[in-house]
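K.L.:
So here's coords18.txt (compact mmCIF, C-alpha atoms and all ligand atoms).
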```
# COMPACT_ATOMS: atom_id res chain seq x y z
CA MET A 1 15.83 5.29 21.69
CA SER A 2 12.11 5.53 21.18
CA ARG A 3 10.64 6.32 17.80
CA GLU A 4 8.11 8.97 16.94
CA GLN A 5 4.59 7.80 16.08
CA LEU A 6 4.14 8.98 12.51
CA ALA A 7 0.65 7.68 11.72
CA GLU A 8 -2.40 6.11 13.28
CA ASN A 9 -2.78 3.08 11.03
CA VAL A 10 0.70 1.52 11.42
CA PHE A 11 3.07 2.29 14.30
CA LEU A 12 5.26 0.73 16.97
CA SER A 13 4.08 -0.13 20.48
CA GLU A 14 5.62 1.95 23.25
CA ASP A 15 8.17 -0.75 24.13
CA GLU A 16 8.82 -1.28 20.39
CA ARG A 17 8.36 -5.04 20.79
CA SER A 18 5.36 -5.14 18.44
CA VAL A 19 3.86 -3.42 15.42
CA VAL A 20 0.44 -1.92 16.06
CA ILE A 21 -2.10 -1.65 13.24
CA LEU A 22 -5.58 -0.27 12.99
CA ASP A 23 -7.54 -3.36 11.89
CA GLN A 24 -8.94 -2.22 8.54
CA SER A 25 -11.02 -5.38 8.12
CA ARG A 26 -13.31 -4.22 10.97
CA LEU A 27 -13.76 -0.61 9.90
CA PRO A 28 -15.99 1.32 9.99
CA GLN A 29 -18.10 -0.65 12.49
CA GLU A 30 -15.30 -1.11 14.99
CA THR A 31 -12.08 0.82 15.59
CA VAL A 32 -9.73 -1.82 16.93
CA CYS A 33 -5.94 -1.82 17.11
CA LEU A 34 -3.95 -5.05 16.98
CA SER A 35 -0.50 -5.54 18.41
CA LEU A 36 1.57 -8.05 16.42
CA ASP A 37 4.87 -9.48 17.59
CA ASN A 38 5.54 -12.61 15.56
CA GLU A 39 5.88 -13.48 11.90
CA GLN A 40 2.77 -15.67 11.76
CA GLU A 41 0.50 -12.87 13.02
CA MET A 42 2.21 -10.41 10.69
CA PHE A 43 1.76 -12.68 7.66
CA ASP A 44 -1.92 -13.21 8.53
CA ALA A 45 -2.52 -9.47 8.99
CA ILE A 46 -1.38 -8.84 5.41
CA LYS A 47 -3.16 -11.88 3.98
CA THR A 48 -6.50 -11.07 5.62
CA LEU A 49 -6.30 -7.34 4.77
CA LYS A 50 -6.13 -6.17 8.36
CA VAL A 51 -3.39 -4.00 6.99
CA ARG A 52 -3.89 -3.20 3.33
CA GLY A 53 -3.17 -0.69 0.58
CA ALA A 54 0.17 -1.00 -1.20
CA PRO A 55 2.18 1.72 0.61
CA ALA A 56 0.78 0.80 4.05
CA ILE A 57 1.77 -2.83 3.49
CA GLY A 58 5.32 -1.67 2.69
CA ILE A 59 5.53 0.51 5.80
CA PHE A 60 4.16 -2.34 7.91
CA ALA A 61 6.71 -4.76 6.46
CA GLY A 62 9.59 -2.43 7.40
CA TYR A 63 8.45 -2.23 11.02
CA CYS A 64 7.82 -6.00 11.09
CA LEU A 65 11.47 -6.62 10.25
CA TYR A 66 12.53 -4.27 13.04
CA VAL A 67 10.37 -6.08 15.61
CA LEU A 68 11.45 -9.51 14.36
CA ALA A 69 15.11 -8.46 14.37
CA GLN A 70 14.75 -7.53 18.06
CA ARG A 71 13.31 -10.96 18.85
CA ILE A 72 16.15 -12.66 17.02
CA ALA A 73 18.73 -10.44 18.79
CA HIS A 74 17.30 -11.51 22.18
CA GLU A 75 17.39 -15.19 21.18
CA ILE A 76 20.99 -14.81 20.02
CA ASP A 77 21.85 -13.13 23.31
CA GLN A 78 20.51 -16.14 25.24
CA ALA A 79 22.41 -18.63 23.08
CA ALA A 80 25.60 -16.66 22.48
CA ASP A 81 27.92 -19.53 23.45
CA ASP A 82 26.40 -21.98 20.96
CA LEU A 83 26.67 -19.80 17.85
CA GLN A 84 28.73 -21.14 14.95
CA GLU A 85 28.91 -17.76 13.20
CA LEU A 86 29.30 -14.10 14.13
CA PRO A 87 26.06 -13.03 15.91
CA ALA A 88 25.26 -10.24 13.43
CA ARG A 89 25.54 -12.69 10.56
CA VAL A 90 23.20 -15.13 12.33
CA LEU A 91 20.74 -12.29 12.78
CA TYR A 92 20.92 -11.38 9.10
CA ASN A 93 20.38 -14.97 7.95
CA ARG A 94 17.39 -15.57 10.20
CA LEU A 95 15.84 -12.24 9.32
CA SER A 96 16.24 -12.98 5.58
CA GLU A 97 14.15 -16.13 6.06
CA GLN A 98 11.42 -14.17 7.81
CA ALA A 99 11.49 -11.49 5.10
CA ALA A 100 10.97 -14.19 2.45
CA TYR A 101 8.07 -15.57 4.46
CA LEU A 102 6.36 -12.17 4.78
CA ASN A 103 6.93 -11.54 1.08
CA SER A 104 4.90 -14.66 0.24
CA SER A 105 1.76 -13.27 1.92
CA ARG A 106 0.43 -11.28 -1.06
CA PRO A 107 1.97 -11.20 -4.54
CA THR A 108 0.66 -8.15 -6.39
CA ALA A 109 1.60 -4.97 -4.49
CA VAL A 110 5.30 -4.45 -5.21
CA ASN A 111 5.68 -2.16 -2.17
CA LEU A 112 5.85 -5.24 0.07
CA LYS A 113 8.90 -6.65 -1.71
CA TRP A 114 10.35 -3.18 -2.18
CA ALA A 115 10.28 -2.42 1.55
CA LEU A 116 11.57 -5.85 2.59
CA ASP A 117 14.40 -5.64 0.04
CA ARG A 118 15.28 -2.11 1.15
CA VAL A 119 15.57 -3.05 4.81
CA MET A 120 17.51 -6.25 4.04
CA ALA A 121 19.87 -4.36 1.69
CA CYS A 122 20.55 -1.81 4.43
CA THR A 123 21.20 -4.69 6.88
CA ALA A 124 23.58 -6.34 4.40
CA GLN A 125 25.47 -3.08 3.82
CA THR A 126 25.89 -2.50 7.56
CA LEU A 127 27.12 -6.05 7.96
CA GLU A 128 29.63 -5.58 5.18
CA SER A 129 30.90 -2.19 6.35
CA THR A 130 31.47 -3.55 9.88
CA GLN A 131 32.74 -6.94 8.67
CA ALA A 132 29.89 -8.41 10.73
CA MET A 133 31.55 -7.20 13.95
CA ILE A 134 28.57 -4.98 14.82
CA ALA A 135 26.66 -5.94 17.98
CA PRO A 136 23.24 -7.46 17.11
CA PHE A 137 21.32 -4.77 19.04
CA ASP A 138 23.17 -2.03 17.16
CA LEU A 139 22.23 -3.71 13.90
CA VAL A 140 18.63 -3.81 15.11
CA GLN A 141 18.73 -0.04 15.67
CA ARG A 142 19.95 0.46 12.10
CA ILE A 143 17.03 -1.66 10.86
CA GLY A 144 14.62 0.45 12.94
CA ASP A 145 16.01 3.65 11.43
CA GLU A 146 15.48 2.33 7.92
CA ALA A 147 11.90 1.25 8.70
CA GLU A 148 11.14 4.68 10.13
CA ALA A 149 12.69 6.34 7.07
CA ILE A 150 10.32 4.37 4.80
CA GLN A 151 7.31 5.75 6.65
CA ARG A 152 8.67 9.29 6.89
CA GLU A 153 9.40 9.34 3.15
CA ASP A 154 5.94 7.96 2.38
CA ILE A 155 4.33 10.91 4.16
CA GLU A 156 6.37 13.33 2.09
CA MET A 157 5.72 11.40 -1.16
CA CYS A 158 1.96 11.41 -0.58
CA ARG A 159 2.04 15.13 0.07
CA ARG A 160 3.78 15.78 -3.26
CA ILE A 161 1.45 13.41 -5.12
CA ALA A 162 -1.50 15.31 -3.63
CA GLU A 163 -0.06 18.63 -4.84
CA TYR A 164 0.60 17.39 -8.37
CA GLY A 165 -2.82 15.74 -8.50
CA LEU A 166 -4.57 18.85 -7.28
CA SER A 167 -3.00 20.87 -10.11
CA LEU A 168 -5.13 18.80 -12.52
CA LEU A 169 -8.47 19.42 -10.78
CA LYS A 170 -10.90 22.33 -10.75
CA GLU A 171 -13.24 23.62 -8.07
CA GLY A 172 -16.54 21.73 -8.21
CA ASP A 173 -15.21 18.75 -10.19
CA GLY A 174 -16.97 15.42 -9.89
CA ILE A 175 -14.40 12.70 -9.16
CA LEU A 176 -14.84 8.96 -9.31
CA THR A 177 -12.55 6.69 -7.31
CA HIS A 178 -12.30 2.92 -6.92
CA CYS A 179 -11.20 0.89 -3.87
CA ASN A 180 -9.39 2.84 -1.16
CA ALA A 181 -6.23 4.83 -1.72
CA GLY A 182 -6.63 7.21 1.20
CA PRO A 183 -4.68 7.82 4.42
CA LEU A 184 -5.55 4.32 5.67
CA ALA A 185 -3.74 2.80 2.69
CA THR A 186 -0.60 4.89 3.18
CA SER A 187 0.74 6.69 6.19
CA ARG A 188 -0.93 10.08 5.67
CA TYR A 189 -2.88 11.95 2.91
CA GLY A 190 -3.23 8.88 0.69
CA THR A 191 -2.51 8.77 -3.03
CA ALA A 192 -5.76 8.89 -5.04
CA LEU A 193 -7.58 10.67 -2.21
CA GLY A 194 -4.64 13.01 -1.55
CA PRO A 195 -5.60 15.75 -4.05
CA ILE A 196 -9.20 15.67 -2.82
CA LEU A 197 -8.21 15.98 0.85
CA LEU A 198 -5.58 18.63 0.16
CA GLY A 199 -8.01 20.63 -2.00
CA HIS A 200 -10.67 20.30 0.69
CA ASP A 201 -8.20 21.68 3.28
CA GLN A 202 -7.66 24.64 0.97
CA GLY A 203 -11.40 25.31 0.76
CA MET A 204 -12.13 23.64 -2.59
CA ASP A 205 -15.31 21.64 -3.08
CA PHE A 206 -15.46 18.40 -5.03
CA LYS A 207 -18.20 15.86 -5.48
CA VAL A 208 -16.74 12.39 -5.05
CA PHE A 209 -18.31 9.13 -6.23
CA ALA A 210 -16.87 6.15 -4.38
CA ASP A 211 -17.31 2.74 -6.01
CA GLU A 212 -18.23 0.26 -3.29
CA THR A 213 -15.55 -2.15 -4.64
CA ARG A 214 -16.80 -5.70 -4.47
CA PRO A 215 -16.12 -8.17 -3.00
CA LEU A 216 -14.47 -6.73 0.12
CA MET A 217 -16.03 -3.27 -0.07
CA GLN A 218 -12.96 -1.11 0.50
CA GLY A 219 -14.79 1.77 -1.21
CA ALA A 220 -17.91 1.48 0.94
CA ARG A 221 -16.15 0.68 4.21
CA LEU A 222 -13.01 2.79 3.94
CA THR A 223 -13.21 5.49 1.23
CA ALA A 224 -16.73 6.57 2.15
CA TYR A 225 -15.72 6.52 5.83
CA GLU A 226 -12.50 8.51 5.38
CA LEU A 227 -13.97 11.16 3.09
CA ASN A 228 -17.12 11.54 5.15
CA LYS A 229 -15.07 11.93 8.31
CA ALA A 230 -13.00 14.63 6.60
CA GLY A 231 -16.17 16.50 5.58
CA VAL A 232 -15.78 15.85 1.84
CA ASP A 233 -18.97 15.51 -0.24
CA VAL A 234 -18.97 11.78 -1.04
CA THR A 235 -21.67 9.62 -2.63
CA LEU A 236 -21.38 5.86 -2.50
CA ILE A 237 -22.31 3.92 -5.64
CA CYS A 238 -22.35 0.23 -6.54
CA ASP A 239 -19.54 -0.72 -8.95
CA ASN A 240 -22.04 -1.21 -11.77
CA MET A 241 -23.28 2.40 -11.48
CA ALA A 242 -20.04 4.05 -12.62
CA SER A 243 -21.20 4.13 -16.23
CA THR A 244 -24.42 5.91 -15.28
CA VAL A 245 -22.79 8.68 -13.25
CA MET A 246 -20.31 9.23 -16.09
CA LYS A 247 -23.07 9.32 -18.69
CA ASN A 248 -24.96 11.83 -16.54
CA GLY A 249 -21.97 14.18 -16.88
CA TRP A 250 -21.24 14.08 -13.15
CA VAL A 251 -17.61 12.93 -13.39
CA GLN A 252 -14.77 15.16 -14.63
CA ALA A 253 -11.88 12.94 -13.52
CA CYS A 254 -11.16 9.42 -12.25
CA LEU A 255 -8.48 9.07 -9.58
CA VAL A 256 -7.23 5.61 -8.59
CA GLY A 257 -4.30 4.16 -6.70
CA CYS A 258 -1.99 1.38 -7.85
CA ASP A 259 -0.36 -1.78 -6.55
CA ARG A 260 2.27 -2.19 -9.25
CA VAL A 261 3.02 -0.10 -12.31
CA ALA A 262 5.03 -1.82 -15.05
CA ALA A 263 7.72 0.05 -17.01
CA ASN A 264 5.31 0.62 -19.92
CA GLY A 265 2.61 2.11 -17.64
CA ASP A 266 0.34 -0.96 -17.42
CA THR A 267 -1.10 -0.71 -13.91
CA ALA A 268 -2.32 -3.34 -11.46
CA ASN A 269 -4.92 -2.05 -9.04
CA LYS A 270 -8.03 -3.39 -7.30
CA ILE A 271 -10.24 -5.58 -9.45
CA GLY A 272 -12.66 -3.39 -11.39
CA THR A 273 -10.18 -0.58 -12.05
CA SER A 274 -9.65 -1.50 -15.70
CA GLY A 275 -13.41 -1.45 -16.27
CA VAL A 276 -13.56 2.09 -14.86
CA ALA A 277 -10.72 3.10 -17.22
CA ILE A 278 -12.56 1.65 -20.24
CA LEU A 279 -15.72 3.56 -19.28
CA ALA A 280 -13.73 6.77 -18.74
CA LYS A 281 -12.23 6.46 -22.21
CA HIS A 282 -15.69 5.95 -23.70
CA TYR A 283 -17.02 9.09 -22.03
CA GLY A 284 -13.85 11.18 -22.65
CA ILE A 285 -13.05 11.53 -18.94
CA PRO A 286 -9.37 11.73 -17.86
CA PHE A 287 -8.22 8.64 -15.96
CA TYR A 288 -5.38 9.30 -13.51
CA VAL A 289 -3.30 6.73 -11.62
CA LEU A 290 -1.61 8.05 -8.48
CA GLY A 291 1.22 6.29 -6.67
CA PRO A 292 4.68 6.65 -5.16
CA GLY A 293 7.94 5.53 -6.78
CA SER A 294 7.90 2.43 -4.56
CA THR A 295 4.92 1.17 -6.61
CA ILE A 296 6.68 1.56 -9.95
CA ASP A 297 8.39 -1.65 -10.94
CA MET A 298 10.90 -0.82 -13.65
CA ASP A 299 12.02 -4.48 -13.60
CA CYS A 300 8.61 -5.51 -14.88
CA PRO A 301 8.37 -4.56 -18.58
CA THR A 302 4.59 -4.92 -19.05
CA GLY A 303 1.45 -5.84 -17.15
CA ASP A 304 1.79 -9.43 -18.40
CA GLY A 305 4.58 -9.88 -15.84
CA ILE A 306 2.40 -8.94 -12.86
CA THR A 307 1.20 -11.81 -10.68
CA ILE A 308 -2.45 -11.36 -9.79
CA GLU A 309 -3.53 -12.58 -6.38
CA LEU A 310 -6.42 -15.05 -6.42
CA ARG A 311 -8.45 -15.03 -3.23
CA ASP A 312 -10.93 -17.27 -1.44
CA PRO A 313 -14.11 -17.83 -3.55
CA GLN A 314 -16.15 -17.39 -0.38
CA GLU A 315 -15.45 -13.64 -0.55
CA VAL A 316 -17.50 -13.54 -3.76
CA ARG A 317 -20.23 -15.94 -2.64
CA GLY A 318 -20.76 -14.15 0.64
CA GLU A 319 -24.05 -15.06 2.29
CA THR A 320 -25.86 -14.90 -1.03
CA ALA A 321 -24.73 -17.59 -3.49
CA PRO A 322 -25.12 -21.36 -3.12
CA GLU A 323 -22.10 -22.94 -1.43
CA GLU A 324 -21.45 -25.28 -4.36
CA VAL A 325 -21.22 -22.56 -7.04
CA PRO A 326 -17.64 -22.08 -8.25
CA CYS A 327 -16.38 -18.47 -8.06
CA TYR A 328 -13.49 -16.68 -9.65
CA ASN A 329 -11.94 -14.10 -7.35
CA PRO A 330 -8.93 -12.22 -8.76
CA SER A 331 -8.08 -9.43 -6.33
CA PHE A 332 -6.57 -7.11 -8.94
CA ASP A 333 -6.69 -6.39 -12.65
CA VAL A 334 -4.28 -4.69 -15.01
CA THR A 335 -5.34 -1.48 -16.71
CA ASP A 336 -3.72 -1.16 -20.11
CA HIS A 337 -1.43 1.88 -20.36
CA SER A 338 -3.37 3.09 -23.42
CA LEU A 339 -6.34 3.85 -21.14
CA ILE A 340 -4.36 5.97 -18.67
CA THR A 341 -4.20 9.76 -19.11
CA ALA A 342 -1.34 10.29 -16.66
CA ILE A 343 0.50 8.63 -13.79
CA ILE A 344 0.97 11.04 -10.91
CA THR A 345 4.04 10.41 -8.74
CA GLU A 346 6.03 12.31 -6.12
CA LYS A 347 8.52 13.17 -8.88
CA GLY A 348 5.91 14.77 -11.10
CA ILE A 349 3.22 13.88 -13.62
CA CYS A 350 4.14 11.25 -16.21
CA TYR A 351 2.31 11.38 -19.53
CA PRO A 352 2.36 8.87 -22.41
CA PRO A 353 4.50 7.41 -23.77
CA PHE A 354 4.99 6.00 -20.27
CA ASP A 355 7.96 3.83 -21.18
CA GLU A 356 9.82 7.12 -21.75
CA SER A 357 8.31 9.32 -19.02
CA LEU A 358 8.62 6.65 -16.30
CA LYS A 359 12.18 5.83 -17.38
CA GLU A 360 13.13 9.48 -17.20
CA LYS A 361 11.98 9.72 -13.58
CA PHE A 362 12.50 6.20 -12.25
CA GLY A 363 15.03 4.52 -14.55
CA VAL A 364 18.39 3.60 -13.07
O1 LIG Y 401 -6.60 -5.46 -1.63
P1 LIG Y 401 -6.26 -4.07 -1.19
O2 LIG Y 401 -7.33 -3.43 -0.38
O3 LIG Y 401 -4.89 -4.01 -0.51
O4 LIG Y 401 -6.13 -3.25 -2.55
C1 LIG Y 401 -5.75 -1.92 -2.47
C2 LIG Y 401 -5.74 -1.20 -3.76
O5 LIG Y 401 -5.99 -1.75 -4.81
C3 LIG Y 401 -5.29 0.24 -3.70
O6 LIG Y 401 -5.89 0.99 -4.71
C4 LIG Y 401 -3.77 0.31 -3.88
O7 LIG Y 401 -3.14 -0.55 -2.99
C5 LIG Y 401 -3.25 1.68 -3.67
S1 LIG Y 401 -3.36 2.25 -2.01
C6 LIG Y 401 -2.63 3.79 -1.95
```
Now, as a test, write the supplied structure out as structure tokens.
Ligand code: MRU
P.N.:
Amino acid sequence: MSREQLAENVFLSEDERSVVILDQSRLPQETVCLSLDNEQEMFDAIKTLKVRGAPAIGIFAGYCLYVLAQRIAHEIDQAADDLQELPARVLYNRLSEQAAYLNSSRPTAVNLKWALDRVMACTAQTLESTQAMIAPFDLVQRIGDEAEAIQREDIEMCRRIAEYGLSLLKEGDGILTHCNAGPLATSRYGTALGPILLGHDQGMDFKVFADETRPLMQGARLTAYELNKAGVDVTLICDNMASTVMKNGWVQACLVGCDRVAANGDTANKIGTSGVAILAKHYGIPFYVLGPGSTIDMDCPTGDGITIELRDPQEVRGETAPEEVPCYNPSFDVTDHSLITAIITEKGICYPPFDESLKEKFGV
């Protein structure tokens, strides 16, 4: 059974033996797709931001498990006589190890763990309901269905987030965004860019300011590229210019994505986001966080519990600073919930107090 291609940034190869990604680290200069069929390549693709953006990482992880499960099923098939356990159980155990390995690639975006856990839970349930008598290739198909469901649901979630977000904007608004939370970071529409793109489709005009987003320039390379390609009015600014465009009265709303939202609303997103929120508060500009339920971590009470990824100092030094200068390179920061006007999800708009509004929509 072949699966439908649902997006252009993460999908399966025609023979379904590899996951294909659009290499985001080379955009916009080069449009190159990579075909990945083993766990080492998959781990590296996440680590080096070839695939990036919290929801896209989750979608990728789901398809990775499907491709890896197929490999394992073929290996089991070759060695059927030597197995000490039921084949489906062997598959589950080996796949669990690979899921743990992929999960160790980046710590902050909860969507990675969420997607891996979801696929493994579905595998465990199937194993239990069949008492592990299911044929490995049938179990693989079940894993593929779950991975596809993650992507299909993400498309729908982004659409709803875009609609809710758009309800908060007016024609002609100036909007500041940080990093990239567009279609490249999800499967379609995006989160923070969703309301802008949906409004644009409906004939509304906005003026977007895209922070370049040091050190890896997701704003300059990806947000400016995506919005420009869609015909949206976008102006690129250096990160340290956000205060000036706000002071000039050019920004009526800030829209940002998220990598993990704690139960009290504290939000981890690309480094520099909390500074934007502080500036927005100073200038009385609403600061909106947009993200799907898979980014809300109700098991994490506050932002203090979020692990922040530290990356290679060379990303900060670039070609400019002396080699020997030490650099600090946290990839994300945590915006305090008190700075956030609303968190926009596929289930609606959550307002403070977030511990109550998030619990109402995402509590168990
Ligand atoms: O390091 P990145 O590029 O993966 O960081 C991405 C962000 O911080 C995004 O804002 C976030 O993942 C939301 S994407 C819809």
K.L.:
Quick one: residues within 7 Å of ligand LIG 401 (chain Y), with only C-alpha atoms and all ligand atoms, as a PDB file with C-alpha atoms, keeping the file's coordinate frame?
P.N.:
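File produced: result.pdb:
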```
ATOM      1  CA  LEU A  49      -6.300  -7.340   4.770  1.00  0.00           C
ATOM      2  CA  ARG A  52      -3.890  -3.200   3.330  1.00  0.00           C
ATOM      3  CA  GLY A  53      -3.170  -0.690   0.580  1.00  0.00           C
ATOM      4  CA  ALA A  54       0.170  -1.000  -1.200  1.00  0.00           C
ATOM      5  CA  PRO A  55       2.180   1.720   0.610  1.00  0.00           C
ATOM      6  CA  ALA A 109       1.600  -4.970  -4.490  1.00  0.00           C
ATOM      7  CA  CYS A 179     -11.200   0.890  -3.870  1.00  0.00           C
ATOM      8  CA  ASN A 180      -9.390   2.840  -1.160  1.00  0.00           C
ATOM      9  CA  ALA A 181      -6.230   4.830  -1.720  1.00  0.00           C
ATOM     10  CA  GLY A 182      -6.630   7.210   1.200  1.00  0.00           C
ATOM     11  CA  ALA A 185      -3.740   2.800   2.690  1.00  0.00           C
ATOM     12  CA  THR A 186      -0.600   4.890   3.180  1.00  0.00           C
ATOM     13  CA  GLY A 190      -3.230   8.880   0.690  1.00  0.00           C
ATOM     14  CA  THR A 191      -2.510   8.770  -3.030  1.00  0.00           C
ATOM     15  CA  ALA A 192      -5.760   8.890  -5.040  1.00  0.00           C
ATOM     16  CA  GLN A 218     -12.960  -1.110   0.500  1.00  0.00           C
ATOM     17  CA  VAL A 256      -7.230   5.610  -8.590  1.00  0.00           C
ATOM     18  CA  GLY A 257      -4.300   4.160  -6.700  1.00  0.00           C
ATOM     19  CA  CYS A 258      -1.990   1.380  -7.850  1.00  0.00           C
ATOM     20  CA  ASP A 259      -0.360  -1.780  -6.550  1.00  0.00           C
ATOM     21  CA  ASN A 269      -4.920  -2.050  -9.040  1.00  0.00           C
ATOM     22  CA  LYS A 270      -8.030  -3.390  -7.300  1.00  0.00           C
ATOM     23  CA  GLY A 291       1.220   6.290  -6.670  1.00  0.00           C
ATOM     24  CA  SER A 331      -8.080  -9.430  -6.330  1.00  0.00           C
ATOM     25  CA  PHE A 332      -6.570  -7.110  -8.940  1.00  0.00           C
TER      26      PHE A 332
END
```
K.L.:
So, counting all atoms listed in the file, which residue among A:Glu226, A:Glu212, A:Glu360, A:Glu153 is closest to Ser294 of chain A?
P.N.:
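Once distances to Ser294 of chain A are computed over all atoms listed in the file, the minimum belongs to A:Glu153.
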K.L.:
Given all atoms listed in the file as the basis, pick out the residue of A:Ala61, A:Met204, A:Cys158, A:Leu310 nearest to Ser187 of chain A.
P.N.:
A:Cys158
K.L.:
With a distance cut-off of 10 Å and only C-alpha atoms, select the neighbouring residues of Leu86 of chain A, excluding the residue or stretch itself and same-chain residues fewer than 6 positions from it, and output the selection as a ChimeraX atom specification.
P.N.:
/A:80,131-136
K.L.:
Would you please work out which residue, of A:Lys229, A:Arg71, A:Lys361, A:Lys207, is nearest to Arg94 of chain A when using only C-alpha atoms?
P.N.:
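Of A:Lys229, A:Arg71, A:Lys361, A:Lys207, the one nearest Arg94 of chain A is A:Arg71, counting only C-alpha atoms.
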K.L.:
Which distance in Å separates atom CA of Ile308 of chain A and atom CA of Pro330 of chain A, to one decimal?
P.N.:
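Computed distance, atom CA of Ile308 of chain A to atom CA of Pro330 of chain A, equals 6.6 Å.
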K.L.:
Using all atoms listed in the file, which residues sit within 8 Å of Ala342 of chain A once same-chain residues fewer than 4 positions away are excluded, as a VMD selection string?
P.N.:
chain A and resid 287 to 289 349 to 352
K.L.:
Extract, using all atoms listed in the file, all DNA, RNA and protein residues at most 7 Å from Pro195 of chain A, discarding same-chain residues fewer than 2 positions from it, and format them as an mmCIF file with C-alpha atoms, in the coordinates of the input.
P.N.:
```cif
data_model
loop_
_atom_site.group_PDB
_atom_site.id
_atom_site.type_symbol
_atom_site.label_atom_id
_atom_site.label_comp_id
_atom_site.auth_asym_id
_atom_site.auth_seq_id
_atom_site.Cartn_x
_atom_site.Cartn_y
_atom_site.Cartn_z
ATOM 1 C CA ALA A 162 -1.500 15.310 -3.630
ATOM 2 C CA GLU A 163 -0.060 18.630 -4.840
ATOM 3 C CA GLY A 165 -2.820 15.740 -8.500
ATOM 4 C CA LEU A 166 -4.570 18.850 -7.280
ATOM 5 C CA ALA A 192 -5.760 8.890 -5.040
ATOM 6 C CA LEU A 193 -7.580 10.670 -2.210
ATOM 7 C CA LEU A 197 -8.210 15.980 0.850
ATOM 8 C CA LEU A 198 -5.580 18.630 0.160
ATOM 9 C CA GLY A 199 -8.010 20.630 -2.000
#
```
K.L.:
Please, what distance in Å, to one decimal, runs between atom CA of Ala220 of chain A and atom CA of Val234 of chain A?
P.N.:
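Atom CA of Ala220 of chain A sits 10.5 Å away from atom CA of Val234 of chain A.
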K.L.:
Just the number, please: distance in Å from atom CA of Gln24 of chain A to atom CA of Ile46 of chain A, one decimal.
P.N.:
10.5 Å
K.L.:
Of the candidates A:Arg221, A:Arg3, A:Lys359, A:His337, which one gets nearest to Glu146 of chain A if we count all atoms listed in the file?
P.N.:
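Once distances to Glu146 of chain A are computed over all atoms listed in the file, the minimum belongs to A:Arg3.
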K.L.:
Name the closest residue to Leu127 of chain A among the candidates A:Leu12, A:Leu139, A:Ala263, A:Leu27; distances are taken between atoms, counting only C-alpha atoms.
P.N.:
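For Leu127 of chain A, the nearest of the given residues is A:Leu139.
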K.L.:
Using all atoms listed in the file, which of A:Met298, A:Leu358, A:Leu91, A:Ile57 sits nearest Leu116 of chain A?
P.N.:
A:Ile57
K.L.:
Could you name the residues that touch Thr295 of chain A at 6 Å or less, counting all atoms listed in the file, but leaving out those on the same chain fewer than 4 positions away, as a list in words?
P.N.:
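Residues near the query, excluding close chain neighbours: Val110, Asn111 and Arg260 of chain A.
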K.L.:
Leaving out Val334 of chain A and any residue of its chain fewer than 4 positions from it, which residues lie within 9 Å of it when counting only C-alpha atoms, given as JSON, numbers by chain?
P.N.:
{"A": [266, 267, 268, 269, 270, 271, 273, 274, 303, 304, 306, 308]}
K.L.:
Give as a list in words the set of residues within 10 Å of the point (8.9, -13.0, 8.7), where distances use the file's coordinates and all atoms listed in the file.
P.N.:
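The distance filter leaves exactly Asn38, Glu39, Gln40, Glu41, Met42, Phe43, Ala61, Cys64, Leu65, Val67, Leu68, Ala69, Arg94, Leu95, Ser96, Glu97, Gln98, Ala99, Ala100, Tyr101, Leu102, Asn103, Ser104, Ser105 and Leu116 of chain A.
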K.L.:
Kindly extract all protein, DNA and RNA residues lying within 7 Å of the coordinates (3.2, 14.5, -9.6) given in the file, considering all atoms listed in the file, and supply them as a PDB file with C-alpha atoms, in the frame of the given file.
P.N.:
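As written to disk, out-v5.pdb reads:
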```pdb
ATOM      1  CA  ARG A 160       3.780  15.780  -3.260  1.00  0.00           C
ATOM      2  CA  ILE A 161       1.450  13.410  -5.120  1.00  0.00           C
ATOM      3  CA  TYR A 164       0.600  17.390  -8.370  1.00  0.00           C
ATOM      4  CA  GLY A 165      -2.820  15.740  -8.500  1.00  0.00           C
ATOM      5  CA  ILE A 344       0.970  11.040 -10.910  1.00  0.00           C
ATOM      6  CA  THR A 345       4.040  10.410  -8.740  1.00  0.00           C
ATOM      7  CA  GLU A 346       6.030  12.310  -6.120  1.00  0.00           C
ATOM      8  CA  LYS A 347       8.520  13.170  -8.880  1.00  0.00           C
ATOM      9  CA  GLY A 348       5.910  14.770 -11.100  1.00  0.00           C
ATOM     10  CA  ILE A 349       3.220  13.880 -13.620  1.00  0.00           C
TER      11      ILE A 349
END
```
